[in-house]
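This report refers to the structure that appears directly beneath it.
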Amino acid sequence: MKKYELFDHTADLGLEIYGRTKRELFANAALALFDVMIQDIEPPTKRGGKERVKTRTVLGADVGDLLVNFLRELLYWFNGLGWVLNRGSILVCGNKKLVVQCTVEPYHPERHLIKTEIKAVTYHQLAVEKTKTGWKARVIFDV
Amino acid sequence: MSEIKLEKLDDNRWLLPQTGAMRVPGIIYANENIHDLLRHDESARQVANVAHLPGIVNFSLAMPDVHWGYGFPIGGVAAFDLETGVVSPGGVGYDINCGCRLMATNLTFPDIREKLKELTTALYHRIPSGVGSTGYVKLSGKDQKKVLEEGAAWAVKAGYGSAQDLETTEDGGCLGGADPEQVSARALERGKQQLGTLGSGNHFLEIETVEEIFDETAARVFGLHKGQIVIMIHTGSRGLGYQICDDYLALMVKHQAQTGISLPDRQLACAYLSSGRGQNYLAAMACGANYAWANRQILMYLTREVLEKTLRASPRELGMRLVYDVCHNIAKIEKFSVAGQEKKLCVHRKGATRAYPAGHEAIPACYRSVGQPVLIPGDMGSGSYVLTGQAKAMDETFGSACHGAGRVMSRSQAIRSSRGRSISRELADRGVLVMAGSKGTLGEEMPEAYKNVHDVVEVVHDAGIAKKAARLKSLACIKG
């Protein structure tokens, strides 16, 4: 199953994200965000020592708002704190609350190539829906 | 994609009729070419969506560079009544006070022809650009607060320019009512490292030459003449502005139900101008605007330094001076005549430039005889325009005009069509030297990704909201 794909938007960057379960959808959304922003120059396993584990609780008014708030939080990890996500798991995944545990490492220009600057996660044409085969979300990033 | 039918009003304007819950009709400034492009994106729908917001006055407007944004279209202008109207962070955009700064010099092309490459390389190395670039100025918490309150004046006091620069900056480079207490710790943290940086994406620094003069009087008043070397900078408030917008958008979405306003798009989340949340946003947005003006002021200082050093020119020989600095992502309280009465309104310009006419008190005294300079950059290959604001803009567009060419291709489309091509070589063939942090940026920003800037400028000129004064040709461009 595809984890995500890009769709065309004139000024910005649109992503369609998939998952067999809601939990997988959120995990794939996190992966997609960092995949669009950063390319690993060397695999994370070779870097040693610098990884840290972070746990966060994110709240939202509904499942769409929860997805935006989740991606916002991760985007701040990179833009504000300089952390790059290596892997993560969604521990709790409701419609209004999720708990995520992630392994992160500090951004390092020799290890991480920045492909795209993402300014923000927008609500424009936001959609999170259950499909026949699982879950699908649509989100547009301001770049 | 959009099923909205536009009615032609005249050669340059299209009416978007008021339907459903729209509170006012829309007007889109476009000629036939641009109207055809509108069929392929969602911007007309967005103009209609903005018309749903409470307290909107007269029309939901779009300039000819309009394109599909999020919430408000890019190129959108909307004014709101202070008592019954709203302010929307999405109507300003993430990059608060993104804008353009044009600097003139005493140089002509022959003075720099031999040194253009050296000069471009030196500027590229001196001006921090690209994603995550950190700035020339590292701010203490106390200094940062002053930057947010004072804007470009802080930079001038710190030695990055002269008081003369403030006179030819929109609003003197400082938006009133800024309150750093309304800015989050996250936004402040992001702002500490980025003052004096260009950023990435469509932000740039260009060396240009004045190629054509349309209005001799205006050009003379602005100190522009044919063959002259000028520099254009396009950037904004960097991560600090993005974070302020995002923080207030989240807050307004969270409390939207309490306002009782129903929205066609959550990205239009807003608060009444008379409410605490609305006022707090304006106070935080002013901080973002002031940071952006300080940023462009510092970049001008760095540019001057590089030019003096590389060309071994004295400040007097170089003669670098600020022609004007305009913002194009902002919400401001301004006075307009509505149904024969003067009223203060909150004008949102999201990808639109203020274009005040001759005689307006907000224009620097030195330019008041001809009107405010309106700076319109095009794509990397086409160069830019300088226009003057006209009286008709006060009647029709809340003193606003377009802000650039406007994208026509998505970034991924542009990357696909640039695959296998060397955009830098193609631009070099057109006489434009380009240095960019990544090949991806060049692909995304290739000239075909934008509307024809000449078309866009002709529309505002023919519509009479801004008048062409000069055209500038790109010689070299630095991208993040």
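Letters for chains follow the order of the structure tokens (A, B, ...), residue numbers begin at 1 for each chain, and ligand numbers begin at 1 in the order shown.
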
* Asked: How would you write, as a PyMOL selection string, the set of residues in stretch 193-352 of chain B that DSSP gives as strand (DSSP E or B)?
  -> chain B and resi 204-213+228-235+271-272+321-327+329-338+341-350

Could you give me, as CSV, a per-residue list for chain B showing, wherever an atom lies at most 8 Å from an atom of chain A, the closest pair of atoms and their distance in Å to one decimal, using only C-alpha atoms and sorting by chain then residue number from low to high?
residue,atom,partner,partner_atom,distance
B:Asp41,CA,A:Thr10,CA,7.4
B:His67,CA,A:Thr10,CA,7.0
B:Trp68,CA,A:Thr10,CA,5.8
B:Gly69,CA,A:Ala11,CA,6.0
B:Tyr70,CA,A:His124,CA,5.2
B:Gly71,CA,A:His124,CA,6.0
B:Tyr94,CA,A:Lys119,CA,7.2
B:Val131,CA,A:Glu117,CA,5.8
B:Gly132,CA,A:Asn79,CA,7.5
B:Arg186,CA,A:Gly80,CA,6.9
B:Glu189,CA,A:Gly80,CA,7.0
B:Arg190,CA,A:Gly80,CA,5.5
B:Ser200,CA,A:Glu117,CA,7.1
B:Gly201,CA,A:Val143,CA,7.3
B:Gly239,CA,A:Lys119,CA,7.5
B:Tyr242,CA,A:Lys119,CA,6.2
B:Asp246,CA,A:Ala120,CA,7.0
B:Lys254,CA,A:Ala61,CA,7.0
B:Asp265,CA,A:His124,CA,6.4
B:Arg266,CA,A:Tyr123,CA,5.8
B:Gln267,CA,A:Tyr123,CA,4.9
B:Arg407,CA,A:Ala11,CA,6.4
B:Val408,CA,A:Thr10,CA,6.3
B:Met409,CA,A:Thr10,CA,5.5
B:Ser410,CA,A:Thr10,CA,3.9
B:Arg411,CA,A:Thr10,CA,6.9
B:Ser412,CA,A:Asp8,CA,6.6
B:Gln413,CA,A:Asp8,CA,7.1
B:Gly440,CA,A:Lys115,CA,7.4

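Contact shell of B:Gln390 at 6 Å (only C-alpha atoms; same-chain neighbours under 6 positions omitted): B:Pro357, B:Ile465, B:Ala466.
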
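Nearest to A:Ala32 of all the residues A:His112, A:Arg52, A:Thr131, A:Val139 is A:Val139, counting only C-alpha atoms.
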
* Test item: residues at most 12 Å from stretch 426-428 of chain B, only C-alpha atoms, excluding those fewer than 2 positions along its chain, as a ChimeraX atom specification -> /B:117,379-383,418,420-424,430-435,442-443,445-448,474-477

Write out the residues from the selection above, keeping C-alpha atoms, as an mmCIF file, in the first residue's frame.
data_model
loop_
_atom_site.group_PDB
_atom_site.id
_atom_site.type_symbol
_atom_site.label_atom_id
_atom_site.label_comp_id
_atom_site.auth_asym_id
_atom_site.auth_seq_id
_atom_site.Cartn_x
_atom_site.Cartn_y
_atom_site.Cartn_z
ATOM 1 C CA LYS B 117 29.959 37.174 -11.557
ATOM 2 C CA ASP B 379 9.843 35.752 -12.619
ATOM 3 C CA MET B 380 13.623 35.226 -12.656
ATOM 4 C CA GLY B 381 13.973 35.942 -16.355
ATOM 5 C CA SER B 382 11.508 38.762 -16.920
ATOM 6 C CA GLY B 383 12.585 41.450 -14.483
ATOM 7 C CA SER B 418 12.309 21.417 -15.734
ATOM 8 C CA GLY B 420 16.548 17.250 -17.852
ATOM 9 C CA ARG B 421 16.963 20.996 -18.445
ATOM 10 C CA SER B 422 19.506 23.374 -17.025
ATOM 11 C CA ILE B 423 17.429 26.330 -15.888
ATOM 12 C CA SER B 424 20.555 28.245 -14.937
ATOM 13 C CA ARG B 430 18.811 35.261 -21.632
ATOM 14 C CA GLY B 431 21.544 37.271 -19.908
ATOM 15 C CA VAL B 432 20.605 36.421 -16.324
ATOM 16 C CA LEU B 433 23.185 34.933 -13.963
ATOM 17 C CA VAL B 434 21.559 32.791 -11.275
ATOM 18 C CA MET B 435 22.921 31.341 -8.061
ATOM 19 C CA LEU B 442 15.549 26.762 -9.717
ATOM 20 C CA GLY B 443 13.160 24.196 -11.183
ATOM 21 C CA GLU B 445 10.914 28.927 -9.768
ATOM 22 C CA MET B 446 11.565 28.628 -13.513
ATOM 23 C CA PRO B 447 10.084 31.460 -15.591
ATOM 24 C CA GLU B 448 7.257 29.358 -17.131
ATOM 25 C CA SER B 474 17.291 41.082 -14.323
ATOM 26 C CA LEU B 475 21.059 40.735 -14.605
ATOM 27 C CA ALA B 476 21.748 38.401 -11.696
ATOM 28 C CA CYS B 477 19.574 36.617 -9.180
#

* Identify, on the basis of only C-alpha atoms, every residue whose closest approach to stretch 162-178 of chain B does not exceed 6 Å; exclude the query and any residue fewer than 5 positions from it along the same chain; express the result as a PyMOL selection string. => chain B and resi 149-152+156+283+286-287+290+293+322+324-326

* Asked: Distance atom CA of B:Ile330-atom CA of B:Thr217, one decimal place?
  ->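 According to the coordinates, atom CA of B:Ile330 and atom CA of B:Thr217 are separated by 29.7 Å.
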